[in-house]
file run38.pdb (PDB, C-alpha atoms)
ATOM      1  CA  MET Y  24     -15.498   1.145  -9.146
ATOM      2  CA  GLU Y  25     -14.037   2.419 -12.401
ATOM      3  CA  ILE Y  26     -10.805   0.681 -13.371
ATOM      4  CA  PHE Y  27      -8.001   1.655 -15.730
ATOM      5  CA  PRO Y  28      -6.265  -1.486 -17.075
ATOM      6  CA  CYS Y  29      -2.777  -0.753 -18.362
ATOM      7  CA  THR Y  30       0.410  -2.486 -19.417
ATOM      8  CA  LEU Y  31       3.933  -1.592 -20.462
ATOM      9  CA  VAL Y  32       5.278  -2.400 -23.927
ATOM     10  CA  PHE Y  33       8.861  -1.135 -23.903
ATOM     11  CA  ILE Y  34      10.745  -1.683 -27.151
ATOM     12  CA  ASP Y  35      14.541  -1.608 -27.232
ATOM     13  CA  ILE Y  36      16.165  -4.001 -29.690
ATOM     14  CA  ASP Y  37      19.634  -3.348 -28.242
ATOM     15  CA  ALA Y  38      18.774  -4.177 -24.642
ATOM     16  CA  LYS Y  39      19.323  -7.584 -23.065
ATOM     17  CA  ALA Y  40      16.346  -9.894 -23.621
ATOM     18  CA  SER Y  41      14.157 -10.855 -20.675
ATOM     19  CA  PRO Y  42      15.191 -14.156 -19.045
ATOM     20  CA  ASN Y  43      11.555 -15.274 -19.371
ATOM     21  CA  SER Y  44      11.372 -14.695 -23.136
ATOM     22  CA  THR Y  45      13.077 -16.586 -25.961
ATOM     23  CA  SER Y  46      11.647 -14.330 -28.681
ATOM     24  CA  LYS Y  47      13.942 -11.803 -30.342
ATOM     25  CA  ASP Y  48      11.008 -10.069 -32.007
ATOM     26  CA  PRO Y  49      10.619  -6.569 -30.485
ATOM     27  CA  LEU Y  50       6.866  -6.676 -31.224
ATOM     28  CA  SER Y  51       6.313  -9.849 -29.220
ATOM     29  CA  TYR Y  52       4.991  -7.926 -26.207
ATOM     30  CA  ALA Y  53       2.735  -5.803 -28.416
ATOM     31  CA  ARG Y  54       1.030  -8.944 -29.738
ATOM     32  CA  GLN Y  55       0.660 -10.257 -26.199
ATOM     33  CA  ALA Y  56      -1.022  -6.957 -25.308
ATOM     34  CA  LEU Y  57      -3.505  -7.572 -28.146
ATOM     35  CA  CYS Y  58      -4.456 -10.884 -26.557
ATOM     36  CA  LEU Y  59      -4.770  -9.302 -23.113
ATOM     37  CA  ASN Y  60      -7.021  -6.587 -24.517
ATOM     38  CA  LYS Y  61      -9.157  -9.160 -26.322
ATOM     39  CA  THR Y  62      -9.685 -11.119 -23.107
ATOM     40  CA  LEU Y  63     -10.454  -7.972 -21.099
ATOM     41  CA  LEU Y  64     -13.204  -7.077 -23.560
ATOM     42  CA  TYR Y  65     -14.388 -10.703 -23.561
ATOM     43  CA  VAL Y  66     -15.059 -10.608 -19.792
ATOM     44  CA  GLY Y  67     -16.703  -7.179 -19.970
ATOM     45  CA  MET Y  68     -13.861  -5.068 -18.597
ATOM     46  CA  PRO Y  69     -12.583  -1.755 -20.019
ATOM     47  CA  PRO Y  70     -10.063  -1.835 -22.875
ATOM     48  CA  LEU Y  71      -6.344  -2.014 -22.208
ATOM     49  CA  ASN Y  72      -4.133   1.079 -22.124
ATOM     50  CA  VAL Y  73      -0.687   0.393 -23.560
ATOM     51  CA  PHE Y  74       2.135   2.673 -22.475
ATOM     52  CA  THR Y  75       5.114   2.480 -24.791
ATOM     53  CA  ASN Y  76       8.259   4.325 -25.764
ATOM     54  CA  ALA Y  77       7.519   3.504 -29.432
ATOM     55  CA  PRO Y  78       3.834   4.336 -30.053
ATOM     56  CA  ASP Y  79       4.101   4.460 -33.854
ATOM     57  CA  VAL Y  80       5.651   0.983 -33.969
ATOM     58  CA  VAL Y  81       3.024  -0.436 -31.615
ATOM     59  CA  LEU Y  82       0.179   1.207 -33.535
ATOM     60  CA  SER Y  83       1.464  -0.369 -36.744
ATOM     61  CA  CYS Y  84       1.275  -3.767 -35.023
ATOM     62  CA  PHE Y  85      -2.351  -3.054 -34.082
ATOM     63  CA  ALA Y  86      -3.330  -1.817 -37.561
ATOM     64  CA  THR Y  87      -5.010  -5.070 -38.666
ATOM     65  CA  VAL Y  88      -7.329  -5.080 -35.642
ATOM     66  CA  PRO Y  89     -10.684  -3.265 -35.998
ATOM     67  CA  GLU Y  90     -10.390   0.136 -34.350
ATOM     68  CA  GLY Y  91     -13.043  -0.574 -31.729
ATOM     69  CA  ARG Y  92     -11.156  -3.690 -30.595
ATOM     70  CA  ARG Y  93      -7.709  -2.137 -30.294
ATOM     71  CA  PRO Y  94      -5.995  -1.182 -27.035
ATOM     72  CA  MET Y  95      -5.469   2.502 -26.339
ATOM     73  CA  VAL Y  96      -1.851   3.550 -26.955
ATOM     74  CA  HIS Y  97      -0.024   6.200 -24.905
ATOM     75  CA  ARG Y  98       3.510   7.539 -25.276
ATOM     76  CA  LEU Y  99       5.515   6.658 -22.163
ATOM     77  CA  ILE Y 100       7.438   9.466 -20.478
ATOM     78  CA  THR Y 101      10.661   7.852 -19.271
ATOM     79  CA  ASN Y 102      12.804   8.926 -16.328
ATOM     80  CA  VAL Y 103      14.214   5.664 -14.952
ATOM     81  CA  ASN Y 104      17.949   5.322 -15.467
ATOM     82  CA  VAL Y 105      19.268   1.772 -15.206
ATOM     83  CA  PRO Y 106      22.065  -0.071 -17.056
ATOM     84  CA  ARG Y 107      20.820  -1.430 -20.394
ATOM     85  CA  GLU Y 108      22.597  -4.751 -19.864
ATOM     86  CA  ILE Y 109      20.657  -5.468 -16.664
ATOM     87  CA  GLU Y 110      18.163  -8.341 -16.544
ATOM     88  CA  PHE Y 111      14.501  -7.357 -17.022
ATOM     89  CA  TYR Y 112      15.666  -3.987 -18.354
ATOM     90  CA  ALA Y 113      12.299  -3.036 -19.873
ATOM     91  CA  ALA Y 114      10.342  -3.890 -16.721
ATOM     92  CA  HIS Y 115      12.108  -1.151 -14.749
ATOM     93  CA  PHE Y 116      10.095   1.431 -16.704
ATOM     94  CA  LYS Y 117       6.890   0.329 -14.990
ATOM     95  CA  LEU Y 118       7.846   2.904 -12.388
ATOM     96  CA  ASP Y 119       7.529   5.633 -15.025
ATOM     97  CA  LEU Y 120       4.177   4.175 -16.070
ATOM     98  CA  LEU Y 121       2.904   4.335 -12.473
ATOM     99  CA  GLU Y 122       3.925   7.973 -12.143
ATOM    100  CA  GLN Y 123       2.345   8.909 -15.472
ATOM    101  CA  VAL Y 124      -0.934   7.149 -14.707
ATOM    102  CA  ALA Y 125      -1.108   8.743 -11.250
ATOM    103  CA  GLY Y 126      -1.443  12.115 -12.972
ATOM    104  CA  MET Y 127      -4.107  10.894 -15.403
ATOM    105  CA  LEU Y 128      -6.640   9.127 -13.198
ATOM    106  CA  ALA Y 129      -9.770  10.568 -11.655
ATOM    107  CA  PRO Y 130      -9.863  10.177  -7.840
ATOM    108  CA  ASP Y 131     -12.540   7.455  -8.047
ATOM    109  CA  THR Y 132     -10.694   5.316 -10.635
ATOM    110  CA  LEU Y 133      -8.409   2.402  -9.797
ATOM    111  CA  LEU Y 134      -5.204   1.610 -11.638
ATOM    112  CA  LEU Y 135      -5.009  -2.031 -12.743
ATOM    113  CA  LEU Y 136      -1.411  -2.695 -13.756
ATOM    114  CA  LEU Y 137      -0.966  -5.896 -15.774
ATOM    115  CA  ASP Y 138       1.908  -7.618 -17.522
ATOM    116  CA  SER Y 139       1.228  -8.234 -21.207
ATOM    117  CA  ASP Y 140       1.582 -12.029 -20.838
ATOM    118  CA  ILE Y 141      -1.615 -12.232 -18.800
ATOM    119  CA  VAL Y 142      -5.044 -13.496 -19.835
ATOM    120  CA  ALA Y 143      -8.329 -12.321 -18.309
ATOM    121  CA  ILE Y 144     -10.696 -15.181 -17.462
ATOM    122  CA  ARG Y 145     -13.436 -13.372 -15.514
ATOM    123  CA  PRO Y 146     -13.985  -9.844 -14.151
ATOM    124  CA  LEU Y 147     -12.727  -8.821 -10.730
ATOM    125  CA  ALA Y 148     -15.348  -8.866  -7.975
ATOM    126  CA  ASP Y 149     -16.748  -5.479  -6.965
ATOM    127  CA  GLU Y 150     -16.202  -6.379  -3.299
ATOM    128  CA  LEU Y 151     -12.481  -6.924  -3.906
ATOM    129  CA  LEU Y 152     -12.127  -3.672  -5.822
ATOM    130  CA  GLN Y 153     -13.856  -1.860  -2.969
ATOM    131  CA  ARG Y 154     -11.441  -3.369  -0.444
ATOM    132  CA  CYS Y 155      -8.523  -2.124  -2.545
ATOM    133  CA  ALA Y 156     -10.123   1.317  -2.793
ATOM    134  CA  ASP Y 157     -10.676   1.429   0.965
ATOM    135  CA  VAL Y 158      -7.025   0.761   1.866
ATOM    136  CA  GLY Y 159      -5.473   2.214  -1.288
ATOM    137  CA  VAL Y 160      -3.684  -0.802  -2.743
ATOM    138  CA  GLY Y 161      -3.921  -4.473  -3.613
ATOM    139  CA  ALA Y 162      -0.736  -6.374  -4.498
ATOM    140  CA  PHE Y 163       0.218  -9.926  -5.473
ATOM    141  CA  ASP Y 164       2.312 -11.524  -2.718
ATOM    142  CA  ILE Y 165       4.439 -14.297  -4.278
ATOM    143  CA  SER Y 166       6.707 -14.882  -1.283
ATOM    144  CA  ASP Y 167       5.508 -18.495  -1.115
ATOM    145  CA  GLN Y 168       7.046 -19.040  -4.566
ATOM    146  CA  VAL Y 169      10.155 -16.856  -4.346
ATOM    147  CA  PHE Y 170      11.314 -17.709  -0.804
ATOM    148  CA  PRO Y 171      11.550 -21.499  -1.338
ATOM    149  CA  ALA Y 172      13.071 -21.113  -4.811
ATOM    150  CA  TYR Y 173      15.950 -18.832  -3.799
ATOM    151  CA  GLY Y 174      16.068 -19.176  -0.016
ATOM    152  CA  SER Y 175      14.228 -16.756   2.236
ATOM    153  CA  ALA Y 176      17.450 -15.386   3.735
ATOM    154  CA  LEU Y 177      18.820 -14.328   0.318
ATOM    155  CA  VAL Y 178      15.519 -12.788  -0.796
ATOM    156  CA  ILE Y 179      15.111 -10.847   2.442
ATOM    157  CA  LYS Y 180      18.723  -9.696   2.227
ATOM    158  CA  ASP Y 181      18.018  -8.232  -1.220
ATOM    159  CA  LEU Y 182      14.843  -6.525  -0.003
ATOM    160  CA  GLU Y 183      16.603  -4.959   2.976
ATOM    161  CA  ILE Y 184      19.549  -3.783   0.870
ATOM    162  CA  VAL Y 185      17.157  -2.028  -1.513
ATOM    163  CA  ALA Y 186      14.978  -0.727   1.330
ATOM    164  CA  GLY Y 187      18.020   0.491   3.251
ATOM    165  CA  ARG Y 188      16.543  -0.745   6.509
ATOM    166  CA  HIS Y 189      15.424  -3.756   8.512
ATOM    167  CA  LEU Y 190      11.951  -4.924   7.480
ATOM    168  CA  LEU Y 191       9.451  -6.168  10.046
ATOM    169  CA  ASN Y 192       7.633  -8.675   7.820
ATOM    170  CA  PRO Y 193       9.431  -8.904   4.458
ATOM    171  CA  ARG Y 194       7.237  -9.919   1.546
ATOM    172  CA  TRP Y 195       8.018 -10.237  -2.175
ATOM    173  CA  TYR Y 196       5.376  -8.835  -4.513
ATOM    174  CA  GLY Y 197       4.964  -9.846  -8.146
ATOM    175  CA  GLY Y 198       5.278  -7.019 -10.637
ATOM    176  CA  GLU Y 199       2.615  -8.380 -12.979
ATOM    177  CA  PHE Y 200      -0.460  -7.244 -11.042
ATOM    178  CA  LEU Y 201      -1.224  -4.180  -8.955
ATOM    179  CA  ILE Y 202      -4.429  -2.359  -8.049
ATOM    180  CA  SER Y 203      -4.088   1.156  -6.656
ATOM    181  CA  THR Y 204      -5.910   4.388  -6.050
ATOM    182  CA  PRO Y 205      -4.338   7.552  -7.501
ATOM    183  CA  ALA Y 206      -3.821   8.802  -3.939
ATOM    184  CA  PHE Y 207      -1.763   5.746  -3.005
ATOM    185  CA  LEU Y 208       0.304   6.046  -6.187
ATOM    186  CA  THR Y 209       1.388   9.515  -5.063
ATOM    187  CA  ARG Y 210       2.895   7.811  -1.979
ATOM    188  CA  LEU Y 211       4.195   4.692  -3.696
ATOM    189  CA  VAL Y 212       6.025   6.278  -6.642
ATOM    190  CA  PRO Y 213       8.326   8.635  -4.677
ATOM    191  CA  ARG Y 214       9.153   5.835  -2.246
ATOM    192  CA  ALA Y 215       9.864   3.394  -5.087
ATOM    193  CA  ARG Y 216      12.091   5.975  -6.815
ATOM    194  CA  GLU Y 217      14.069   6.410  -3.613
ATOM    195  CA  HIS Y 218      14.551   2.638  -3.381
ATOM    196  CA  CYS Y 219      15.276   2.405  -7.118
ATOM    197  CA  GLU Y 220      18.255   4.755  -6.686
ATOM    198  CA  ARG Y 221      19.640   2.484  -3.970
ATOM    199  CA  TYR Y 222      18.862  -0.562  -6.115
ATOM    200  CA  VAL Y 223      20.938   0.833  -8.984
ATOM    201  CA  SER Y 224      23.847   1.737  -6.713
ATOM    202  CA  GLU Y 225      23.813  -1.702  -5.060
ATOM    203  CA  VAL Y 226      22.873  -3.803  -8.100
ATOM    204  CA  ALA Y 227      26.157  -5.744  -8.092
ATOM    205  CA  ARG Y 228      25.290  -7.115  -4.625
ATOM    206  CA  LEU Y 229      21.761  -8.183  -5.528
ATOM    207  CA  GLN Y 230      20.556 -11.615  -6.603
ATOM    208  CA  HIS Y 231      17.286 -10.281  -8.027
ATOM    209  CA  HIS Y 232      16.954  -7.621 -10.709
ATOM    210  CA  GLY Y 233      13.867  -5.896 -12.031
ATOM    211  CA  ASP Y 234      11.040  -3.663 -10.873
ATOM    212  CA  GLU Y 235       9.865  -6.206  -8.310
ATOM    213  CA  SER Y 236      12.920  -5.459  -6.150
ATOM    214  CA  PHE Y 237      12.325  -1.757  -5.556
ATOM    215  CA  VAL Y 238       8.519  -1.797  -5.757
ATOM    216  CA  SER Y 239       8.448  -4.638  -3.211
ATOM    217  CA  ALA Y 240      10.852  -2.672  -1.010
ATOM    218  CA  ALA Y 241       8.537   0.349  -1.241
ATOM    219  CA  LEU Y 242       5.450  -1.686  -0.362
ATOM    220  CA  ASN Y 243       7.304  -3.269   2.567
ATOM    221  CA  THR Y 244       8.504   0.011   4.035
ATOM    222  CA  LEU Y 245       5.057   1.566   3.661
ATOM    223  CA  ALA Y 246       3.539  -1.512   5.332
ATOM    224  CA  ASP Y 247       5.975  -1.135   8.236
ATOM    225  CA  GLU Y 248       4.634   2.407   8.629
ATOM    226  CA  GLY Y 249       1.058   1.156   8.899
ATOM    227  CA  GLN Y 250      -0.128   0.852   5.275
ATOM    228  CA  GLN Y 251      -2.543  -2.041   4.758
ATOM    229  CA  ILE Y 252      -2.189  -4.091   1.558
ATOM    230  CA  VAL Y 253      -4.904  -6.349   0.144
ATOM    231  CA  GLU Y 254      -3.271  -9.639  -0.891
ATOM    232  CA  LEU Y 255      -4.755 -10.304  -4.315
ATOM    233  CA  GLY Y 256      -3.516 -13.864  -4.755
ATOM    234  CA  ALA Y 257      -5.510 -15.020  -1.730
ATOM    235  CA  TYR Y 258      -8.689 -13.895  -3.517
ATOM    236  CA  GLN Y 259      -7.588 -15.694  -6.704
ATOM    237  CA  ALA Y 260      -7.647 -12.383  -8.499
ATOM    238  CA  ILE Y 261      -4.396 -13.484 -10.171
ATOM    239  CA  GLY Y 262      -2.380 -16.685 -10.453
ATOM    240  CA  ARG Y 263       1.167 -17.067 -11.819
ATOM    241  CA  HIS Y 264       1.448 -20.400 -13.648
ATOM    242  CA  TRP Y 265       4.669 -21.980 -14.891
ATOM    243  CA  THR Y 266       4.090 -24.957 -17.175
ATOM    244  CA  GLY Y 267       5.176 -28.206 -15.572
ATOM    245  CA  ASN Y 268       5.277 -26.678 -12.100
ATOM    246  CA  THR Y 269       3.486 -28.423  -9.247
ATOM    247  CA  HIS Y 270       3.356 -25.373  -6.964
ATOM    248  CA  ARG Y 271      -0.425 -25.514  -7.372
ATOM    249  CA  ASP Y 272      -2.814 -27.838  -9.113
ATOM    250  CA  LEU Y 273      -3.759 -26.520 -12.539
ATOM    251  CA  ARG Y 274      -7.423 -26.578 -11.490
ATOM    252  CA  TRP Y 275      -6.712 -23.809  -8.942
ATOM    253  CA  PHE Y 276      -5.772 -21.422 -11.749
ATOM    254  CA  LYS Y 277      -9.059 -22.025 -13.554
ATOM    255  CA  HIS Y 278     -10.827 -20.189 -10.715
ATOM    256  CA  CYS Y 279      -8.611 -17.100 -11.024
ATOM    257  CA  CYS Y 280      -9.798 -13.870 -12.616
ATOM    258  CA  PHE Y 281      -6.441 -13.443 -14.365
ATOM    259  CA  VAL Y 282      -3.745 -15.974 -15.217
ATOM    260  CA  HIS Y 283      -0.131 -14.965 -15.737
ATOM    261  CA  LEU Y 284       1.886 -17.254 -18.032
ATOM    262  CA  PRO Y 285       5.535 -16.071 -17.860
ATOM    263  CA  ASP Y 286       6.746 -19.000 -19.973
ATOM    264  CA  GLY Y 287       3.603 -19.111 -22.129
ATOM    265  CA  LYS Y 288       4.311 -16.061 -24.278
ATOM    266  CA  LYS Y 289       4.231 -18.017 -27.555
ATOM    267  CA  LEU Y 290       0.896 -19.537 -26.570
ATOM    268  CA  ILE Y 291      -0.483 -16.054 -25.878
ATOM    269  CA  GLU Y 292       0.860 -14.707 -29.170
ATOM    270  CA  ARG Y 293      -0.890 -17.538 -31.032
ATOM    271  CA  GLU Y 294      -4.099 -16.683 -29.199
ATOM    272  CA  SER Y 295      -3.721 -13.016 -30.180
ATOM    273  CA  ARG Y 296      -3.975 -13.943 -33.868
ATOM    274  CA  ARG Y 297      -7.380 -15.559 -33.452
ATOM    275  CA  SER Y 298     -10.511 -13.551 -34.139
ATOM    276  CA  ASP Y 299     -12.201 -14.594 -30.898
ATOM    277  CA  PHE Y 300     -11.343 -15.799 -27.405
ATOM    278  CA  ASN Y 301     -12.547 -19.191 -26.230
ATOM    279  CA  THR Y 302     -11.783 -20.194 -22.646
ATOM    280  CA  SER Y 303     -12.111 -23.917 -23.360
ATOM    281  CA  ARG Y 304      -9.612 -23.690 -26.225
ATOM    282  CA  PHE Y 305      -7.278 -21.588 -24.093
ATOM    283  CA  TRP Y 306      -7.284 -24.086 -21.215
ATOM    284  CA  ARG Y 307      -6.716 -26.992 -23.600
ATOM    285  CA  ALA Y 308      -3.575 -25.243 -24.858
ATOM    286  CA  VAL Y 309      -2.393 -24.459 -21.316
ATOM    287  CA  THR Y 310      -3.050 -28.022 -20.158
ATOM    288  CA  SER Y 311      -1.197 -29.526 -23.147
ATOM    289  CA  ALA Y 312       1.828 -27.283 -22.522
ATOM    290  CA  HIS Y 313       1.722 -28.147 -18.834
ATOM    291  CA  LEU Y 314       1.671 -31.897 -19.453
ATOM    292  CA  ARG Y 315       4.498 -31.672 -22.005
ATOM    293  CA  ASN Y 316       6.704 -29.901 -19.501
ATOM    294  CA  ARG Y 317       5.803 -32.403 -16.777
ATOM    295  CA  VAL Y 318       6.987 -35.200 -19.098
ATOM    296  CA  ARG Y 319      10.194 -33.284 -19.890
ATOM    297  CA  PHE Y 320      10.804 -32.755 -16.181
ATOM    298  CA  ALA Y 321      10.271 -36.451 -15.430
ATOM    299  CA  ALA Y 322      12.608 -37.431 -18.285
ATOM    300  CA  LYS Y 323      15.249 -35.038 -16.982
ATOM    301  CA  LEU Y 324      15.016 -36.545 -13.494
ATOM    302  CA  CYS Y 325      15.253 -40.029 -14.949
ATOM    303  CA  PHE Y 326      18.360 -39.066 -16.940
ATOM    304  CA  GLU Y 327      20.001 -37.531 -13.885
ATOM    305  CA  VAL Y 328      19.306 -40.645 -11.801
ATOM    306  CA  THR Y 329      20.596 -42.927 -14.588
ATOM    307  CA  SER Y 330      23.777 -40.895 -15.053
ATOM    308  CA  ILE Y 331      24.555 -40.788 -11.357
ATOM    309  CA  ALA Y 332      23.859 -44.478 -10.707
ATOM    310  CA  PRO Y 333      27.264 -45.802 -11.978
ATOM    311  CA  LYS Y 334      29.103 -43.189  -9.932
ATOM    312  CA  LEU Y 335      27.104 -44.126  -6.851
ATOM    313  CA  ALA Y 336      27.782 -47.852  -7.423
ATOM    314  CA  GLY Y 337      31.524 -47.146  -7.734
ATOM    315  CA  TYR Y 338      31.502 -45.098  -4.561
ATOM    316  CA  LEU Y 339      29.708 -47.871  -2.661
ATOM    317  CA  ALA Y 340      32.162 -50.490  -3.969
ATOM    318  CA  ARG Y 341      35.143 -48.420  -2.847
ATOM    319  CA  ALA Y 342      33.522 -47.845   0.525
ATOM    320  CA  ARG Y 343      33.031 -51.591   1.009
ATOM    321  CA  GLY Y 344      36.675 -52.191   0.081
ATOM    322  CA  LEU Y 345      37.771 -49.896   2.872
ATOM    323  CA  GLU Y 346      35.762 -51.733   5.509
TER
END
call {"tool": "encode", "arguments": {"input": "run38.pdb", "output": "C-alpha cells"}}
result
Amino acid sequence: MEIFPCTLVFIDIDAKASPNSTSKDPLSYARQALCLNKTLLYVGMPPLNVFTNAPDVVLSCFATVPEGRRPMVHRLITNVNVPREIEFYAAHFKLDLLEQVAGMLAPDTLLLLLDSDIVAIRPLADELLQRCADVGVGAFDISDQVFPAYGSALVIKDLEIVAGRHLLNPRWYGGEFLISTPAFLTRLVPRAREHCERYVSEVARLQHHGDESFVSAALNTLADEGQQIVELGAYQAIGRHWTGNTHRDLRWFKHCCFVHLPDGKKLIERESRRSDFNTSRFWRAVTSAHLRNRVRFAAKLCFEVTSIAPKLAGYLARARGLE
C-alpha cells in the first residue's frame, strides 16, 4: 500500500498555548516535524507532508536541511471556526487537513495522519495497512487511558453531547494517529464537521476540548451505523508515552512502530538538530526522562504524606479524646 504521511503545523502566536507544551516559540512544532520526517526516512517510509497556515515561515525553518531530506510543505486551506482562546486551538484545524488531503490522494493511497511530536521506530506492517484499507480506517483507541483519568461517565457524557445522540459503545480516539482511505475520509469529514458545529455550540458544557472530541464522536456514530475500525494500538502501531507514567512498562513502547511523546517535545526538538537518527540514543534519552519524572513523582508523594501526617495525628488525638 502507498501511504501519505502528514502532520499539521499551525502557527498563531496570539492563540492560547497547548496545555501539553511549555514552549512559546511558534516554530517549535516545525522543528518537531523535522525530527518526525528524519525518522520516517530512517525507517524507509515516505517523507512527511506538512500542512501549515504559514508555509513561508515553516520553509525558512527547514532552510538549513538538505533539500532531499526536508518534509514537503503545503499551504493549509482553513475553514474551521473555533474560539481562539480555546484549549488545543491549533489542533482543531486537523479537520481542514483531513478534508484537503481527501481531495489530493489517489484511491489506492492511505492517509497517515501524525502529530509532530511523534517518532518513527519501524515501518508499519503491510498486513496492518491492508486491514485498514479493507475496512477504510484504523484509529488509536485510548479509552483505557482517558476513562480512568477523567471518569468514564464524564468522558462518555462529552462524547454524547458532541455526537448529539446515545452511543452504543463509546470509545475515545487519540488525535495523533489515523490511517484512512480517501473514500472513508469523504464520509468522516462531513460527519466530523457536523459534530464540530455542535461541539462549538456546547463547548462551555464540555470537559474536553480539541479535535479528539468531534473526530471521536464521528468515529463512534459511524461505528454505530456498522463501520468497522481497526484498533491501531492493539497492533502496537502507535504508543502514547508520558514520562514517569506507569500505564505501561517502557519496554512495551520499544516494540511500537511509532511513539508519541506529548510531554517530550523538547527531547524531540533536540533530536531534530542532530544530523542522524540513532534509536539507541533516542531510547536512552526517553529512559532518562522517564526515570527523572518517576523520582519527581515519588518525591511529590513523599512530601504529600509528610505534610498530611501532623494533621492526621492531630485528628486521631482529638478522636481519642472524644472516646
call {"tool": "closest_residue", "arguments": {"input": "run38.pdb", "among": "Y:Leu208, Y:Val309, Y:Leu59, Y:Leu245", "to": "Y:Arg92", "atoms": "all atoms listed in the file"}}
result
Y:Leu59
call {"tool": "residues_around", "arguments": {"input": "run38.pdb", "residues": "Y:Val124", "least_positions_apart": "3", "cutoff": "8 Å", "atoms": "only C-alpha atoms", "output": "mmCIF file with C-alpha atoms, in the coordinates of the input"}}
result
data_model
loop_
_atom_site.group_PDB
_atom_site.id
_atom_site.type_symbol
_atom_site.label_atom_id
_atom_site.label_comp_id
_atom_site.auth_asym_id
_atom_site.auth_seq_id
_atom_site.Cartn_x
_atom_site.Cartn_y
_atom_site.Cartn_z
ATOM 1 C CA LEU Y 120 4.177 4.175 -16.070
ATOM 2 C CA LEU Y 121 2.904 4.335 -12.473
ATOM 3 C CA MET Y 127 -4.107 10.894 -15.403
ATOM 4 C CA LEU Y 128 -6.640 9.127 -13.198
ATOM 5 C CA LEU Y 134 -5.204 1.610 -11.638
ATOM 6 C CA PRO Y 205 -4.338 7.552 -7.501
#
call {"tool": "closest_residue", "arguments": {"input": "run38.pdb", "among": "Y:Arg194, Y:His264, Y:His270, Y:Arg154", "to": "Y:Glu235", "atoms": "only C-alpha atoms"}}
result
Y:Arg194
call {"tool": "closest_atom_pairs", "arguments": {"input": "run38.pdb", "of": "stretch 136-160 of chain Y", "to": "stretch 71-78 of chain Y", "cutoff": "12 Å", "atoms": "all atoms listed in the file", "output": "tab-separated table"}}
result
residue	atom	partner	partner_atom	distance
Y:Leu136	CA	Y:Asn72	CA	9.6
Y:Leu137	CA	Y:Leu71	CA	9.2
Y:Asp138	CA	Y:Val73	CA	10.4
Y:Ser139	CA	Y:Val73	CA	9.1
Y:Ile141	CA	Y:Leu71	CA	11.8
Y:Val142	CA	Y:Leu71	CA	11.8
Y:Ala143	CA	Y:Leu71	CA	11.2
call {"tool": "atom_distance", "arguments": {"input": "run38.pdb", "atom1": "atom CA of Y:Ser166", "atom2": "atom CA of Y:Pro28"}}
result
24.4 Å
call {"tool": "atom_distance", "arguments": {"input": "run38.pdb", "atom1": "atom CA of Y:His115", "atom2": "atom CA of Y:Glu292"}}
result
22.8 Å
call {"tool": "residues_around", "arguments": {"input": "run38.pdb", "residues": "Y:Arg304", "least_positions_apart": "4", "cutoff": "12 Å", "atoms": "all atoms listed in the file", "output": "number ranges by chain"}}
result
Y: 290-291, 293-294, 297, 299-300, 308-311
call {"tool": "closest_residue", "arguments": {"input": "run38.pdb", "among": "Y:Met95, Y:Ile179, Y:Leu31, Y:Val226", "to": "Y:Ala114", "atoms": "only C-alpha atoms"}}
result
Y:Leu31
call {"tool": "axis_aligned_box", "arguments": {"input": "run38.pdb", "around": "stretch 82-86 of chain Y", "padding_each_side": "6 Å", "output": "lines of an AutoDock Vina configuration file"}}
result
center_x = -0.9
center_y = -1.3
center_z = -35.5
size_x = 16.8
size_y = 17.0
size_z = 16.0
call {"tool": "atom_distance", "arguments": {"input": "run38.pdb", "atom1": "atom CA of Y:Gly174", "atom2": "atom CA of Y:Asn192"}}
result
15.6 Å
call {"tool": "closest_residue", "arguments": {"input": "run38.pdb", "among": "Y:Leu177, Y:Ile165, Y:Ala113, Y:Leu99", "to": "Y:Ile36", "atoms": "all atoms listed in the file"}}
result
Y:Ala113
call {"tool": "resolve_selection", "arguments": {"input": "run38.pdb", "expression": "the PyMOL selection byres ((chain Y and resi 93) around 12)", "output": "MDAnalysis selection string"}}
result
chainID Y and resid 53:54 56:64 69:73 81:92 94:96 295
call {"tool": "write_last_selection", "arguments": {"input": "run38.pdb", "atoms": "C-alpha atoms", "output": "mmCIF file, in the frame of the given file"}}
result
data_model
loop_
_atom_site.group_PDB
_atom_site.id
_atom_site.type_symbol
_atom_site.label_atom_id
_atom_site.label_comp_id
_atom_site.auth_asym_id
_atom_site.auth_seq_id
_atom_site.Cartn_x
_atom_site.Cartn_y
_atom_site.Cartn_z
ATOM 1 C CA ALA Y 53 2.735 -5.803 -28.416
ATOM 2 C CA ARG Y 54 1.030 -8.944 -29.738
ATOM 3 C CA ALA Y 56 -1.022 -6.957 -25.308
ATOM 4 C CA LEU Y 57 -3.505 -7.572 -28.146
ATOM 5 C CA CYS Y 58 -4.456 -10.884 -26.557
ATOM 6 C CA LEU Y 59 -4.770 -9.302 -23.113
ATOM 7 C CA ASN Y 60 -7.021 -6.587 -24.517
ATOM 8 C CA LYS Y 61 -9.157 -9.160 -26.322
ATOM 9 C CA THR Y 62 -9.685 -11.119 -23.107
ATOM 10 C CA LEU Y 63 -10.454 -7.972 -21.099
ATOM 11 C CA LEU Y 64 -13.204 -7.077 -23.560
ATOM 12 C CA PRO Y 69 -12.583 -1.755 -20.019
ATOM 13 C CA PRO Y 70 -10.063 -1.835 -22.875
ATOM 14 C CA LEU Y 71 -6.344 -2.014 -22.208
ATOM 15 C CA ASN Y 72 -4.133 1.079 -22.124
ATOM 16 C CA VAL Y 73 -0.687 0.393 -23.560
ATOM 17 C CA VAL Y 81 3.024 -0.436 -31.615
ATOM 18 C CA LEU Y 82 0.179 1.207 -33.535
ATOM 19 C CA SER Y 83 1.464 -0.369 -36.744
ATOM 20 C CA CYS Y 84 1.275 -3.767 -35.023
ATOM 21 C CA PHE Y 85 -2.351 -3.054 -34.082
ATOM 22 C CA ALA Y 86 -3.330 -1.817 -37.561
ATOM 23 C CA THR Y 87 -5.010 -5.070 -38.666
ATOM 24 C CA VAL Y 88 -7.329 -5.080 -35.642
ATOM 25 C CA PRO Y 89 -10.684 -3.265 -35.998
ATOM 26 C CA GLU Y 90 -10.390 0.136 -34.350
ATOM 27 C CA GLY Y 91 -13.043 -0.574 -31.729
ATOM 28 C CA ARG Y 92 -11.156 -3.690 -30.595
ATOM 29 C CA PRO Y 94 -5.995 -1.182 -27.035
ATOM 30 C CA MET Y 95 -5.469 2.502 -26.339
ATOM 31 C CA VAL Y 96 -1.851 3.550 -26.955
ATOM 32 C CA SER Y 295 -3.721 -13.016 -30.180
#
